[in-house]
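File shown here: entry-v6.cif, holding mmCIF, C-alpha atoms (C1' of nucleotides).
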data_input
loop_
_atom_site.label_atom_id
_atom_site.label_comp_id
_atom_site.auth_asym_id
_atom_site.auth_seq_id
_atom_site.Cartn_x
_atom_site.Cartn_y
_atom_site.Cartn_z
CA MET A 1 127.84 90.23 58.52
CA SER A 2 130.14 91.09 61.39
CA GLU A 3 129.05 90.25 64.90
CA THR A 4 130.03 93.65 66.25
CA ARG A 5 128.16 95.38 63.50
CA ASP A 6 124.99 93.54 64.47
CA LYS A 7 125.44 94.44 68.11
CA ILE A 8 125.79 98.10 67.20
CA PHE A 9 122.80 97.93 64.92
CA GLU A 10 120.53 96.41 67.57
CA SER A 11 121.72 98.93 70.10
CA ALA A 12 121.06 101.79 67.70
CA ARG A 13 117.59 100.45 66.97
CA GLU A 14 116.83 100.43 70.65
CA VAL A 15 118.10 103.93 71.34
CA PHE A 16 116.71 105.60 68.20
CA ILE A 17 113.29 104.12 68.71
CA GLN A 18 113.13 105.21 72.30
CA LYS A 19 114.62 108.70 71.97
CA GLY A 20 114.10 109.65 68.35
CA PHE A 21 116.86 110.85 66.05
CA ALA A 22 117.49 114.19 67.71
CA GLY A 23 117.33 112.77 71.23
CA ALA A 24 119.64 109.81 70.59
CA ARG A 25 123.35 110.09 71.46
CA MET A 26 126.10 108.22 69.67
CA GLN A 27 127.77 107.79 73.04
CA GLU A 28 124.72 106.04 74.44
CA ILE A 29 124.50 103.75 71.43
CA ALA A 30 128.17 102.84 71.86
CA ASP A 31 127.76 102.22 75.60
CA PHE A 32 124.71 100.10 75.00
CA ALA A 33 126.62 97.98 72.50
CA GLY A 34 129.58 97.71 74.85
CA ILE A 35 132.07 99.40 72.52
CA ASN A 36 133.32 102.97 71.99
CA LYS A 37 132.46 105.81 69.67
CA GLY A 38 135.50 105.32 67.48
CA LEU A 39 134.50 101.84 66.58
CA LEU A 40 130.95 102.94 66.06
CA HIS A 41 132.05 105.39 63.39
CA TYR A 42 134.22 102.73 61.86
CA TYR A 43 131.14 100.69 61.04
CA PHE A 44 128.71 103.55 60.36
CA LYS A 45 130.34 106.70 59.07
CA THR A 46 127.66 109.13 60.31
CA LYS A 47 124.66 109.26 62.59
CA ASP A 48 122.41 109.90 59.61
CA ILE A 49 123.54 106.77 57.83
CA LEU A 50 123.05 104.64 60.93
CA PHE A 51 119.59 106.06 61.42
CA ASN A 52 118.51 105.47 57.86
CA GLU A 53 119.65 101.87 57.99
CA VAL A 54 117.64 101.31 61.16
CA VAL A 55 114.52 102.77 59.59
CA SER A 56 114.92 100.80 56.37
CA MET A 57 115.44 97.54 58.15
CA THR A 58 112.50 98.08 60.48
CA VAL A 59 110.05 98.99 57.77
CA GLU A 60 111.16 96.25 55.42
CA THR A 61 110.52 93.46 57.90
CA LEU A 62 106.93 94.50 58.44
CA ALA A 63 105.77 95.62 55.03
CA PRO A 64 105.46 92.26 53.24
CA GLN A 65 103.44 90.59 55.97
CA LEU A 66 100.93 93.42 56.09
CA GLN A 67 100.70 93.43 52.35
CA ASN A 68 99.74 89.76 52.28
CA LEU A 69 96.97 90.30 54.75
CA VAL A 70 95.38 93.17 52.93
CA THR A 71 95.38 91.63 49.50
CA SER A 72 94.06 88.20 50.46
CA GLU A 73 90.76 86.91 49.15
CA ASP A 74 89.03 86.55 52.50
CA ARG A 75 85.76 88.12 53.44
CA LEU A 76 85.97 91.53 55.08
CA LEU A 77 85.08 90.51 58.62
CA ASP A 78 87.61 87.67 58.58
CA LYS A 79 90.22 89.96 57.13
CA ILE A 80 89.58 92.48 59.87
CA ARG A 81 90.05 89.84 62.56
CA GLN A 82 93.34 88.68 61.04
CA PHE A 83 94.49 92.23 60.63
CA VAL A 84 93.76 93.24 64.22
CA TYR A 85 95.41 90.13 65.62
CA PHE A 86 98.51 90.51 63.49
CA TYR A 87 98.86 94.22 64.13
CA ILE A 88 98.48 94.10 67.89
CA ASP A 89 100.72 91.04 68.18
CA THR A 90 103.43 92.83 66.23
CA LEU A 91 103.14 95.89 68.42
CA ILE A 92 103.28 93.84 71.61
CA GLN A 93 106.70 92.76 70.39
CA ASN A 94 107.67 96.27 69.25
CA PRO A 95 105.79 98.62 71.55
CA PHE A 96 107.94 101.66 70.72
CA LEU A 97 107.53 101.40 66.99
CA PRO A 98 104.47 103.60 66.43
CA SER A 99 105.65 106.64 68.35
CA PHE A 100 109.02 106.31 66.66
CA ILE A 101 107.66 106.29 63.12
CA LEU A 102 105.03 108.91 63.76
CA HIS A 103 107.32 111.35 65.53
CA GLU A 104 110.03 111.09 62.90
CA ILE A 105 107.46 111.76 60.23
CA ASN A 106 106.33 114.89 62.03
CA PHE A 107 109.94 115.87 62.51
CA ARG A 108 111.40 115.24 59.11
CA GLY A 109 108.44 116.31 57.04
CA ASP A 110 106.61 114.97 54.06
CA GLU A 111 109.45 113.43 52.04
CA PHE A 112 110.13 111.03 54.88
CA ALA A 113 106.45 110.09 55.09
CA LYS A 114 106.29 109.60 51.36
CA GLU A 115 109.32 107.33 51.41
CA ILE A 116 107.91 105.15 54.19
CA ILE A 117 104.59 104.82 52.44
CA GLY A 118 106.39 104.00 49.22
CA ARG A 119 108.23 101.16 50.94
CA TYR A 120 105.10 99.87 52.61
CA LYS A 121 103.41 99.83 49.21
CA ILE A 122 100.13 100.24 51.02
CA ASN A 123 97.21 100.50 48.67
CA PRO A 124 94.11 101.18 50.71
CA ILE A 125 92.13 101.36 47.50
CA LYS A 126 91.50 97.65 47.17
CA LEU A 127 90.31 97.49 50.76
CA ILE A 128 88.04 100.47 50.21
CA TRP A 129 86.51 98.72 47.21
CA GLN A 130 85.91 95.63 49.26
CA ILE A 131 84.15 97.63 51.96
CA GLU A 132 81.94 99.32 49.38
CA LEU A 133 81.18 96.02 47.69
CA GLU A 134 80.23 94.18 50.86
CA THR A 135 78.10 97.13 51.89
CA ARG A 136 76.17 96.97 48.61
CA GLU A 137 75.76 93.23 49.03
CA GLY A 138 74.27 93.85 52.45
CA TYR A 139 76.82 92.01 54.54
CA ILE A 140 77.77 95.09 56.50
CA ARG A 141 76.08 98.34 57.46
CA PRO A 142 76.75 101.37 55.31
CA VAL A 143 79.89 103.11 56.53
CA ASN A 144 82.37 105.54 55.08
CA PRO A 145 85.27 103.24 54.11
CA ILE A 146 88.02 105.71 54.97
CA GLN A 147 86.56 106.42 58.38
CA MET A 148 86.22 102.69 58.86
CA LEU A 149 89.89 102.08 58.11
CA LEU A 150 90.85 104.93 60.39
CA ASN A 151 88.80 103.37 63.17
CA ILE A 152 90.56 100.03 62.87
CA LEU A 153 94.05 101.51 62.71
CA SER A 154 93.30 103.88 65.57
CA MET A 155 92.14 101.18 67.92
CA CYS A 156 95.14 98.97 67.15
CA ILE A 157 97.91 101.55 67.18
CA PHE A 158 96.89 104.32 69.53
CA PRO A 159 97.21 102.46 72.83
CA PHE A 160 100.88 101.88 72.08
CA VAL A 161 101.50 105.52 71.25
CA ALA A 162 99.83 106.50 74.50
CA LYS A 163 101.33 103.67 76.51
CA PRO A 164 103.16 105.68 79.18
CA MET A 165 100.14 107.92 79.64
CA ILE A 166 97.80 104.98 80.05
CA GLN A 167 100.08 103.17 82.45
CA GLN A 168 100.35 106.27 84.60
CA ALA A 169 96.62 107.02 84.46
CA ILE A 170 95.48 103.58 85.55
CA GLY A 171 98.57 102.67 87.51
CA MET A 172 99.68 99.67 85.51
CA SER A 173 102.87 97.66 85.36
CA GLN A 174 104.55 96.66 82.12
CA GLU A 175 103.03 93.20 82.31
CA ASP A 176 99.57 94.51 83.10
CA PHE A 177 99.72 96.63 80.00
CA MET A 178 100.81 93.81 77.76
CA ARG A 179 98.08 91.58 79.14
CA LEU A 180 95.56 94.32 78.45
CA MET A 181 96.78 94.49 74.86
CA ASP A 182 96.54 90.74 74.57
CA TYR A 183 92.87 90.76 75.58
CA ARG A 184 92.43 93.72 73.33
CA LYS A 185 92.83 91.69 70.15
CA GLU A 186 89.53 89.90 70.70
CA GLU A 187 87.85 92.92 72.27
CA VAL A 188 88.55 95.21 69.33
CA THR A 189 87.56 92.57 66.81
CA ARG A 190 84.22 92.10 68.59
CA PHE A 191 83.70 95.82 68.85
CA ILE A 192 84.16 96.33 65.14
CA ILE A 193 81.99 93.40 64.18
CA ASP A 194 79.21 94.56 66.48
CA ALA A 195 79.43 97.98 64.92
CA ILE A 196 79.23 97.04 61.26
CA LYS A 197 77.74 93.56 60.87
CA GLN A 198 74.22 93.35 59.49
CA LYS A 199 72.05 91.29 61.80
CA ASP A 200 70.34 89.37 59.00
CA TYR A 201 73.61 87.80 57.81
CA PRO A 202 74.58 85.86 60.90
CA ASN A 203 77.36 83.76 59.36
CA SER A 204 81.02 84.69 59.84
CA MET B 1 102.40 141.12 78.92
CA SER B 2 105.03 142.29 76.48
CA GLU B 3 104.32 142.03 72.80
CA THR B 4 107.75 140.59 72.02
CA ARG B 5 107.38 138.02 74.74
CA ASP B 6 104.14 136.81 73.18
CA LYS B 7 105.73 136.59 69.76
CA ILE B 8 108.54 134.47 71.16
CA PHE B 9 106.12 132.28 73.03
CA GLU B 10 104.01 131.59 69.95
CA SER B 11 107.10 130.90 67.92
CA ALA B 12 108.41 128.50 70.56
CA ARG B 13 105.08 126.74 70.70
CA GLU B 14 105.22 126.22 66.96
CA VAL B 15 108.79 124.92 66.87
CA PHE B 16 108.61 122.74 69.99
CA ILE B 17 105.45 121.11 68.82
CA GLN B 18 106.84 120.29 65.42
CA LYS B 19 110.35 119.21 66.42
CA GLY B 20 110.05 118.16 70.04
CA PHE B 21 112.30 119.44 72.78
CA ALA B 22 115.51 117.79 71.61
CA GLY B 23 114.95 118.67 67.97
CA ALA B 24 114.05 122.31 68.55
CA ARG B 25 116.76 124.97 68.14
CA MET B 26 116.78 128.23 70.04
CA GLN B 27 118.11 129.83 66.87
CA GLU B 28 115.10 128.66 64.90
CA ILE B 29 112.70 129.92 67.54
CA ALA B 30 114.42 133.31 67.45
CA ASP B 31 114.35 133.44 63.65
CA PHE B 32 110.70 132.51 63.58
CA ALA B 33 109.90 135.28 66.05
CA GLY B 34 111.96 137.75 64.05
CA ILE B 35 114.43 138.50 66.85
CA ASN B 36 117.81 137.13 67.96
CA LYS B 37 119.03 134.61 70.48
CA GLY B 38 120.23 137.21 72.95
CA LEU B 39 116.80 138.69 73.28
CA LEU B 40 115.28 135.26 73.49
CA HIS B 41 117.35 134.47 76.55
CA TYR B 42 116.48 137.84 78.00
CA TYR B 43 112.83 136.82 78.19
CA PHE B 44 113.32 133.12 78.90
CA LYS B 45 116.51 132.29 80.76
CA THR B 46 116.85 128.70 79.51
CA LYS B 47 115.42 126.37 76.93
CA ASP B 48 113.93 124.21 79.68
CA ILE B 49 112.01 127.09 81.19
CA LEU B 50 110.62 128.11 77.82
CA PHE B 51 109.59 124.55 77.11
CA ASN B 52 107.86 124.10 80.44
CA GLU B 53 105.90 127.29 80.01
CA VAL B 54 104.70 126.14 76.62
CA VAL B 55 103.57 122.81 78.02
CA SER B 56 101.84 124.34 81.04
CA MET B 57 99.97 126.87 79.00
CA THR B 58 98.83 124.29 76.49
CA VAL B 59 97.60 121.76 79.01
CA GLU B 60 95.89 124.28 81.23
CA THR B 61 93.62 125.59 78.52
CA LEU B 62 92.14 122.17 77.86
CA ALA B 63 91.88 120.45 81.21
CA PRO B 64 88.87 122.19 82.80
CA GLN B 65 86.55 121.73 79.84
CA LEU B 66 87.20 118.01 79.64
CA GLN B 67 86.62 117.63 83.34
CA ASN B 68 83.14 119.14 83.08
CA LEU B 69 82.12 116.73 80.36
CA VAL B 70 83.19 113.59 82.15
CA THR B 71 81.55 114.36 85.47
CA SER B 72 78.15 115.43 84.13
CA GLU B 73 74.95 113.54 84.99
CA ASP B 74 74.02 112.57 81.44
CA ARG B 75 73.40 109.06 80.22
CA LEU B 76 76.41 107.24 78.82
CA LEU B 77 75.52 107.37 75.14
CA ASP B 78 74.77 111.10 75.34
CA LYS B 79 77.98 111.67 77.22
CA ILE B 80 79.93 109.79 74.58
CA ARG B 81 78.45 111.92 71.81
CA GLN B 82 79.34 115.13 73.66
CA PHE B 83 82.79 113.84 74.41
CA VAL B 84 83.58 112.86 70.84
CA TYR B 85 82.29 116.14 69.44
CA PHE B 86 84.20 118.21 71.95
CA TYR B 87 87.41 116.27 71.61
CA ILE B 88 87.57 116.27 67.82
CA ASP B 89 86.52 119.92 67.63
CA THR B 90 89.32 120.83 70.00
CA LEU B 91 91.86 118.87 68.01
CA ILE B 92 90.72 120.43 64.75
CA GLN B 93 91.76 123.72 66.31
CA ASN B 94 94.98 122.25 67.77
CA PRO B 95 95.95 119.45 65.40
CA PHE B 96 99.57 119.33 66.57
CA LEU B 97 98.75 118.81 70.21
CA PRO B 98 98.59 115.01 70.53
CA SER B 99 101.87 114.14 68.86
CA PHE B 100 103.59 116.81 70.89
CA ILE B 101 102.36 115.62 74.26
CA LEU B 102 102.74 111.95 73.48
CA HIS B 103 106.25 112.18 72.09
CA GLU B 104 107.54 114.22 74.99
CA ILE B 105 106.05 111.73 77.42
CA ASN B 106 107.85 108.89 75.68
CA PHE B 107 111.04 110.89 75.66
CA ARG B 108 111.08 112.37 79.11
CA GLY B 109 109.71 109.43 81.00
CA ASP B 110 107.19 108.84 83.73
CA GLU B 111 107.57 111.94 85.89
CA PHE B 112 106.52 114.07 82.97
CA ALA B 113 103.50 111.84 82.31
CA LYS B 114 102.55 111.92 85.95
CA GLU B 115 102.71 115.69 86.03
CA ILE B 116 100.50 116.07 82.96
CA ILE B 117 97.95 113.65 84.34
CA GLY B 118 98.02 115.49 87.65
CA ARG B 119 97.17 118.71 85.87
CA TYR B 120 94.44 117.12 83.82
CA LYS B 121 92.91 115.70 86.99
CA ILE B 122 91.54 112.84 84.94
CA ASN B 123 89.56 110.34 86.96
CA PRO B 124 88.44 107.57 84.67
CA ILE B 125 86.99 105.73 87.64
CA LYS B 126 83.62 107.45 87.66
CA LEU B 127 83.20 106.79 83.96
CA ILE B 128 84.12 103.15 84.42
CA TRP B 129 81.46 102.83 87.12
CA GLN B 130 78.90 104.35 84.83
CA ILE B 131 79.75 101.91 82.06
CA GLU B 132 79.43 98.97 84.45
CA LEU B 133 76.15 100.28 85.83
CA GLU B 134 74.51 100.84 82.46
CA THR B 135 75.70 97.42 81.36
CA ARG B 136 74.01 95.79 84.36
CA GLU B 137 70.86 97.79 83.69
CA GLY B 138 70.88 96.43 80.15
CA TYR B 139 71.21 99.69 78.26
CA ILE B 140 74.45 98.67 76.62
CA ARG B 141 76.10 95.41 75.68
CA PRO B 142 78.64 93.96 78.08
CA VAL B 143 82.05 95.46 77.35
CA ASN B 144 85.28 95.83 79.24
CA PRO B 145 85.09 99.46 80.40
CA ILE B 146 88.79 100.16 80.03
CA GLN B 147 88.90 98.78 76.52
CA MET B 148 85.82 100.83 75.77
CA LEU B 149 87.48 104.05 76.95
CA LEU B 150 90.58 103.18 74.96
CA ASN B 151 88.45 102.71 71.86
CA ILE B 152 86.85 106.11 72.18
CA LEU B 153 90.09 107.93 72.87
CA SER B 154 91.87 106.07 70.08
CA MET B 155 89.34 106.95 67.44
CA CYS B 156 89.30 110.62 68.46
CA ILE B 157 93.00 111.23 68.91
CA PHE B 158 94.89 108.87 66.63
CA PRO B 159 94.03 110.45 63.29
CA PHE B 160 95.70 113.65 64.45
CA VAL B 161 98.83 111.84 65.56
CA ALA B 162 99.03 110.14 62.18
CA LYS B 163 97.96 113.20 60.22
CA PRO B 164 101.01 113.54 57.95
CA MET B 165 100.97 109.83 57.22
CA ILE B 166 97.28 109.86 56.36
CA GLN B 167 97.55 112.91 54.17
CA GLN B 168 100.40 111.34 52.25
CA ALA B 169 98.71 107.97 51.95
CA ILE B 170 95.43 109.28 50.53
CA GLY B 171 96.85 112.40 48.93
CA MET B 172 94.92 114.98 50.89
CA SER B 173 95.25 118.71 51.34
CA GLN B 174 95.08 120.42 54.71
CA GLU B 175 91.46 121.38 54.12
CA ASP B 176 90.50 117.89 52.96
CA PHE B 177 91.87 116.48 56.17
CA MET B 178 90.01 118.93 58.36
CA ARG B 179 86.79 118.24 56.50
CA LEU B 180 87.33 114.53 57.03
CA MET B 181 87.74 115.14 60.75
CA ASP B 182 84.60 117.24 60.77
CA TYR B 183 82.53 114.40 59.29
CA ARG B 184 84.32 112.09 61.67
CA LYS B 185 82.55 113.44 64.73
CA GLU B 186 79.22 111.97 63.66
CA GLU B 187 80.80 108.89 62.10
CA VAL B 188 82.64 107.86 65.24
CA THR B 189 79.64 108.54 67.44
CA ARG B 190 77.49 106.32 65.24
CA PHE B 191 80.13 103.64 65.15
CA ILE B 192 80.34 103.47 68.92
CA ILE B 193 76.60 103.49 69.42
CA ASP B 194 76.13 100.73 66.86
CA ALA B 195 78.76 98.70 68.65
CA ILE B 196 77.43 98.91 72.18
CA LYS B 197 73.76 99.83 72.20
CA GLN B 198 71.32 97.08 73.12
CA LYS B 199 68.69 96.77 70.44
CA ASP B 200 65.77 96.41 72.87
CA TYR B 201 66.35 99.87 74.37
CA PRO B 202 65.73 101.98 71.30
CA ASN B 203 65.35 105.37 73.03
CA SER B 204 67.93 108.20 72.77
"C1'" DG C 1 139.18 95.65 64.30
"C1'" DT C 2 139.49 98.05 68.40
"C1'" DC C 3 141.00 101.55 71.30
"C1'" DT C 4 142.50 106.59 72.97
"C1'" DA C 5 143.04 111.10 72.01
"C1'" DT C 6 141.85 115.01 69.49
"C1'" DA C 7 139.79 117.90 66.06
"C1'" DT C 8 135.51 120.07 64.57
"C1'" DT C 9 130.98 121.57 64.63
"C1'" DC C 10 127.00 122.97 66.79
"C1'" DC C 11 124.23 125.06 70.20
"C1'" DG C 12 122.77 126.99 74.58
"C1'" DA C 13 123.94 130.67 77.39
"C1'" DT C 14 126.39 135.07 78.85
"C1'" DA C 15 128.66 139.74 78.46
"C1'" DG C 16 128.54 144.12 77.18
"C1'" DA C 17 127.61 148.05 73.83
"C1'" DC C 18 123.84 150.93 72.45
"C1'" DG D 1 114.81 146.14 75.36
"C1'" DT D 2 117.48 144.89 71.60
"C1'" DC D 3 121.57 143.82 69.36
"C1'" DT D 4 126.54 141.67 68.34
"C1'" DA D 5 130.15 139.00 69.81
"C1'" DT D 6 131.83 135.33 72.23
"C1'" DC D 7 132.34 131.72 75.70
"C1'" DG D 8 131.94 126.99 77.21
"C1'" DG D 9 130.16 122.59 76.96
"C1'" DA D 10 128.42 118.80 74.49
"C1'" DA D 11 128.13 115.84 70.66
"C1'" DT D 12 129.70 114.18 66.10
"C1'" DA D 13 133.46 112.82 63.60
"C1'" DT D 14 138.53 111.89 62.53
"C1'" DA D 15 143.51 110.53 63.31
"C1'" DG D 16 146.57 107.48 64.64
"C1'" DA D 17 148.59 103.94 67.88
"C1'" DC D 18 148.13 99.06 68.83
#
Output the structure of this file as structure tokens.
Amino acid sequence: MSETRDKIFESAREVFIQKGFAGARMQEIADFAGINKGLLHYYFKTKDILFNEVVSMTVETLAPQLQNLVTSEDRLLDKIRQFVYFYIDTLIQNPFLPSFILHEINFRGDEFAKEIIGRYKINPIKLIWQIELETREGYIRPVNPIQMLLNILSMCIFPFVAKPMIQQAIGMSQEDFMRLMDYRKEEVTRFIIDAIKQKDYPNS
Amino acid sequence: MSETRDKIFESAREVFIQKGFAGARMQEIADFAGINKGLLHYYFKTKDILFNEVVSMTVETLAPQLQNLVTSEDRLLDKIRQFVYFYIDTLIQNPFLPSFILHEINFRGDEFAKEIIGRYKINPIKLIWQIELETREGYIRPVNPIQMLLNILSMCIFPFVAKPMIQQAIGMSQEDFMRLMDYRKEEVTRFIIDAIKQKDYPNS
DNA sequence: GTCTATATTCCGATAGAC
DNA sequence: GTCTATCGGAATATAGAC
């Protein structure tokens, strides 16, 4: 792959993720990559094409790793800890990702959402089974599995979606925020375990 | 207030919330309101003005109610229950709200965030004190107050931000989703209480 | 491959008739 | 107040020299 092409691609990733499709400007992408619009169109014929490539690439790097986590044979509580740690770590390195994906899904409608989900090949069903099973076995308190999954995802993802709001509200620097998220991995894990673990099965 | 003006305003609200500022088209707003662009500009001189009015109106309807909740004299666990119920109920009636606010804050930067927060007059400090106090008194387990607040907000708000994604992933209708959110009020409350309540203070 | 210059399309905003 | 027609700027995309 061409060096210039990569530079453009990275630049586009940056700009699209921060401003969204409609808010991004080809000019800004070109500036950011240190080239001009003409050359930009030489490598990527249209804005749409460039955008789609950015989305594809982004999703495809994350999907397999998540998939591995979810389908492993570990016990639920261990799986949850791994999941939370992996998710928050990933988002610390890509803090803009959630708002990007979520806004574009709102913007472009259901087909876009369907396509993303298709690529992620997420099957929450196996996880839901596991939650139901471990509940019946008495390892965890009875909970609605879907609500449970929503709780986990919410606590991992939401802070990054609301990042600017949070920083403003508490008066935090960039580094403060990242440190807060770093602590958060253990804090959220604990919170979940405290909420659902049965007291008479103290192993873990 | 003029009838036409209201129709335009509602239409703008709809379009802005779904597409964001950059993605919204004056033409589409006009179409949706059943009038033409000329008339649109007669009532609202510029797109910026229209947008700001939509934001102001939206924020101002919610702020006072939240403020009352947070500053009441109730015990923490009761306050949390009230908060969760109020928040989710409000979002059931305005499901689009979170993604709208959060995306525009990402897009428009810190001044916008600061302004919103100013209007909300949110002071998390009193709540943080209360959490620390009740921890010392032994009513709840030791938790980091900020992380705790983040957890509550996350679980209430995130599902609405991710609504299209969730619906696609589980294959849900509009009504299914709203029903899920309705159950969620009790589910989240329980989850939080299970996570932080000390077992030797069984009242409440 | 890379640049400059230009064509083309789109969209916010204005002018003016009714 | 409401409409049609149009302007002017901005942003995407193309043409063509080097």
message = Can you pull out the residues contacting DT4 in chain D? Cut-off 10 Å, using only C-alpha atoms (C1' of nucleotides), and skip same-chain residues under 2 positions away; I want them as a ChimeraX atom specification.
response = /B:36,38 /C:16-17 /D:6
Using all atoms listed in the file, I'd like a table of the residues in chain A that come within 6 Å of chain B; for each, show the closest atom pair and its distance in Å rounded to one decimal, ordered by chain and ascending number, as JSON lines.
{"residue": "A:Lys19", "atom": "CA", "partner": "B:Phe107", "partner_atom": "CA", "distance": 5.6}
{"residue": "A:Ala22", "atom": "CA", "partner": "B:Gly23", "partner_atom": "CA", "distance": 5.2}
{"residue": "A:Gly23", "atom": "CA", "partner": "B:Ala22", "partner_atom": "CA", "distance": 5.4}
{"residue": "A:Phe107", "atom": "CA", "partner": "B:Lys19", "partner_atom": "CA", "distance": 5.2}
{"residue": "A:Ala113", "atom": "CA", "partner": "B:Met165", "partner_atom": "CA", "distance": 5.9}
{"residue": "A:Asn151", "atom": "CA", "partner": "B:Met155", "partner_atom": "CA", "distance": 5.6}
{"residue": "A:Ser154", "atom": "CA", "partner": "B:Ser154", "partner_atom": "CA", "distance": 5.2}
{"residue": "A:Met155", "atom": "CA", "partner": "B:Ser154", "partner_atom": "CA", "distance": 5.4}
{"residue": "A:Phe158", "atom": "CA", "partner": "B:Ser154", "partner_atom": "CA", "distance": 5.3}
{"residue": "A:Met165", "atom": "CA", "partner": "B:Ala113", "partner_atom": "CA", "distance": 5.8}
{"residue": "A:Phe191", "atom": "CA", "partner": "B:Ala195", "partner_atom": "CA", "distance": 5.7}
{"residue": "A:Asp194", "atom": "CA", "partner": "B:Ala195", "partner_atom": "CA", "distance": 4.7}
{"residue": "A:Ala195", "atom": "CA", "partner": "B:Ala195", "partner_atom": "CA", "distance": 3.9}
task = Find the residues in chain D near chain A: any atom within 8 Å counts, using all atoms listed in the file. Write them as a ChimeraX atom specification.
result = /D:11-13
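When CA of Thr61 in chain A is paired with CA of Leu40 in chain A, their separation reads 24.0 Å.
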task = Starting from chain C, keep only residues with some atom at most 10 Å from an atom of chain A, counting only C-alpha atoms (C1' of nucleotides), and report them as a list in words.
result = DG1, DT2, DC3 and DT4 of chain C
request  = Select, from A:Phe177, A:Glu14, A:Phe83, A:Lys199, the residue with the minimum atom-to-atom distance to Gly138 in chain A, counting only C-alpha atoms.
outcome  =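 Counting only C-alpha atoms, the residue closest to Gly138 in chain A is A:Lys199.
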Using all atoms listed in the file, collect all residues at a distance of at most 8 Å from (74.1, 100.7, 80.7) as written in the file, then present them as an mmCIF file with C-alpha atoms, in the coordinates of the input.
data_model
loop_
_atom_site.group_PDB
_atom_site.id
_atom_site.type_symbol
_atom_site.label_atom_id
_atom_site.label_comp_id
_atom_site.auth_asym_id
_atom_site.auth_seq_id
_atom_site.Cartn_x
_atom_site.Cartn_y
_atom_site.Cartn_z
ATOM 1 C CA LEU B 76 76.410 107.240 78.820
ATOM 2 C CA GLN B 130 78.900 104.350 84.830
ATOM 3 C CA ILE B 131 79.750 101.910 82.060
ATOM 4 C CA GLU B 132 79.430 98.970 84.450
ATOM 5 C CA LEU B 133 76.150 100.280 85.830
ATOM 6 C CA GLU B 134 74.510 100.840 82.460
ATOM 7 C CA THR B 135 75.700 97.420 81.360
ATOM 8 C CA ARG B 136 74.010 95.790 84.360
ATOM 9 C CA GLU B 137 70.860 97.790 83.690
ATOM 10 C CA GLY B 138 70.880 96.430 80.150
ATOM 11 C CA TYR B 139 71.210 99.690 78.260
ATOM 12 C CA ILE B 140 74.450 98.670 76.620
ATOM 13 C CA ARG B 141 76.100 95.410 75.680
#
query = Could you write out as a VMD selection string the residues that the PyMOL selection byres ((chain B and resi 54) around 12) matches in the shown file?
reply = chain B and resid 6 8 to 17 20 to 21 44 47 to 53 55 to 61 97 100 to 101
For this structure, which residues satisfy the selection - the PyMOL selection byres ((chain C and resi 8) around 10) - when it is evaluated on the file as given? I want them as a PDB file with C-alpha atoms (C1' of nucleotides), keeping the file's coordinate frame.
ATOM      1  C1'  DT C   6     141.850 115.010  69.490  1.00  0.00           C
ATOM      2  C1'  DA C   7     139.790 117.900  66.060  1.00  0.00           C
ATOM      3  C1'  DT C   9     130.980 121.570  64.630  1.00  0.00           C
ATOM      4  C1'  DC C  10     127.000 122.970  66.790  1.00  0.00           C
TER       5       DC C  10
ATOM      6  C1'  DT D  12     129.700 114.180  66.100  1.00  0.00           C
ATOM      7  C1'  DA D  13     133.460 112.820  63.600  1.00  0.00           C
ATOM      8  C1'  DT D  14     138.530 111.890  62.530  1.00  0.00           C
TER       9       DT D  14
END
task = Please indicate the distance in Å from CA of Glu186 in chain A to CA of Leu149 in chain B, rounded to one decimal place.
result = 15.6 Å
task = Kindly give the distance, in Å, that separates CA of Glu73 in chain B and CA of Trp129 in chain B, rounded to a single decimal.
result =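 That distance, rounded to one decimal, is 12.7 Å.
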request  = Return as a list in words the set of residues that the PyMOL selection byres ((chain D and resi 8) around 10) yields on the displayed structure.
outcome  =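 So the PyMOL selection byres ((chain D and resi 8) around 10), applied here, picks out DG12, DA13 and DT14 of chain C; DT6, DC7, DG9 and DA10 of chain D.
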query = A:Leu62, A:Ala30, A:Ile88, A:Leu127: which is nearest Arg75 in chain A, counting only C-alpha atoms?
reply = A:Leu127
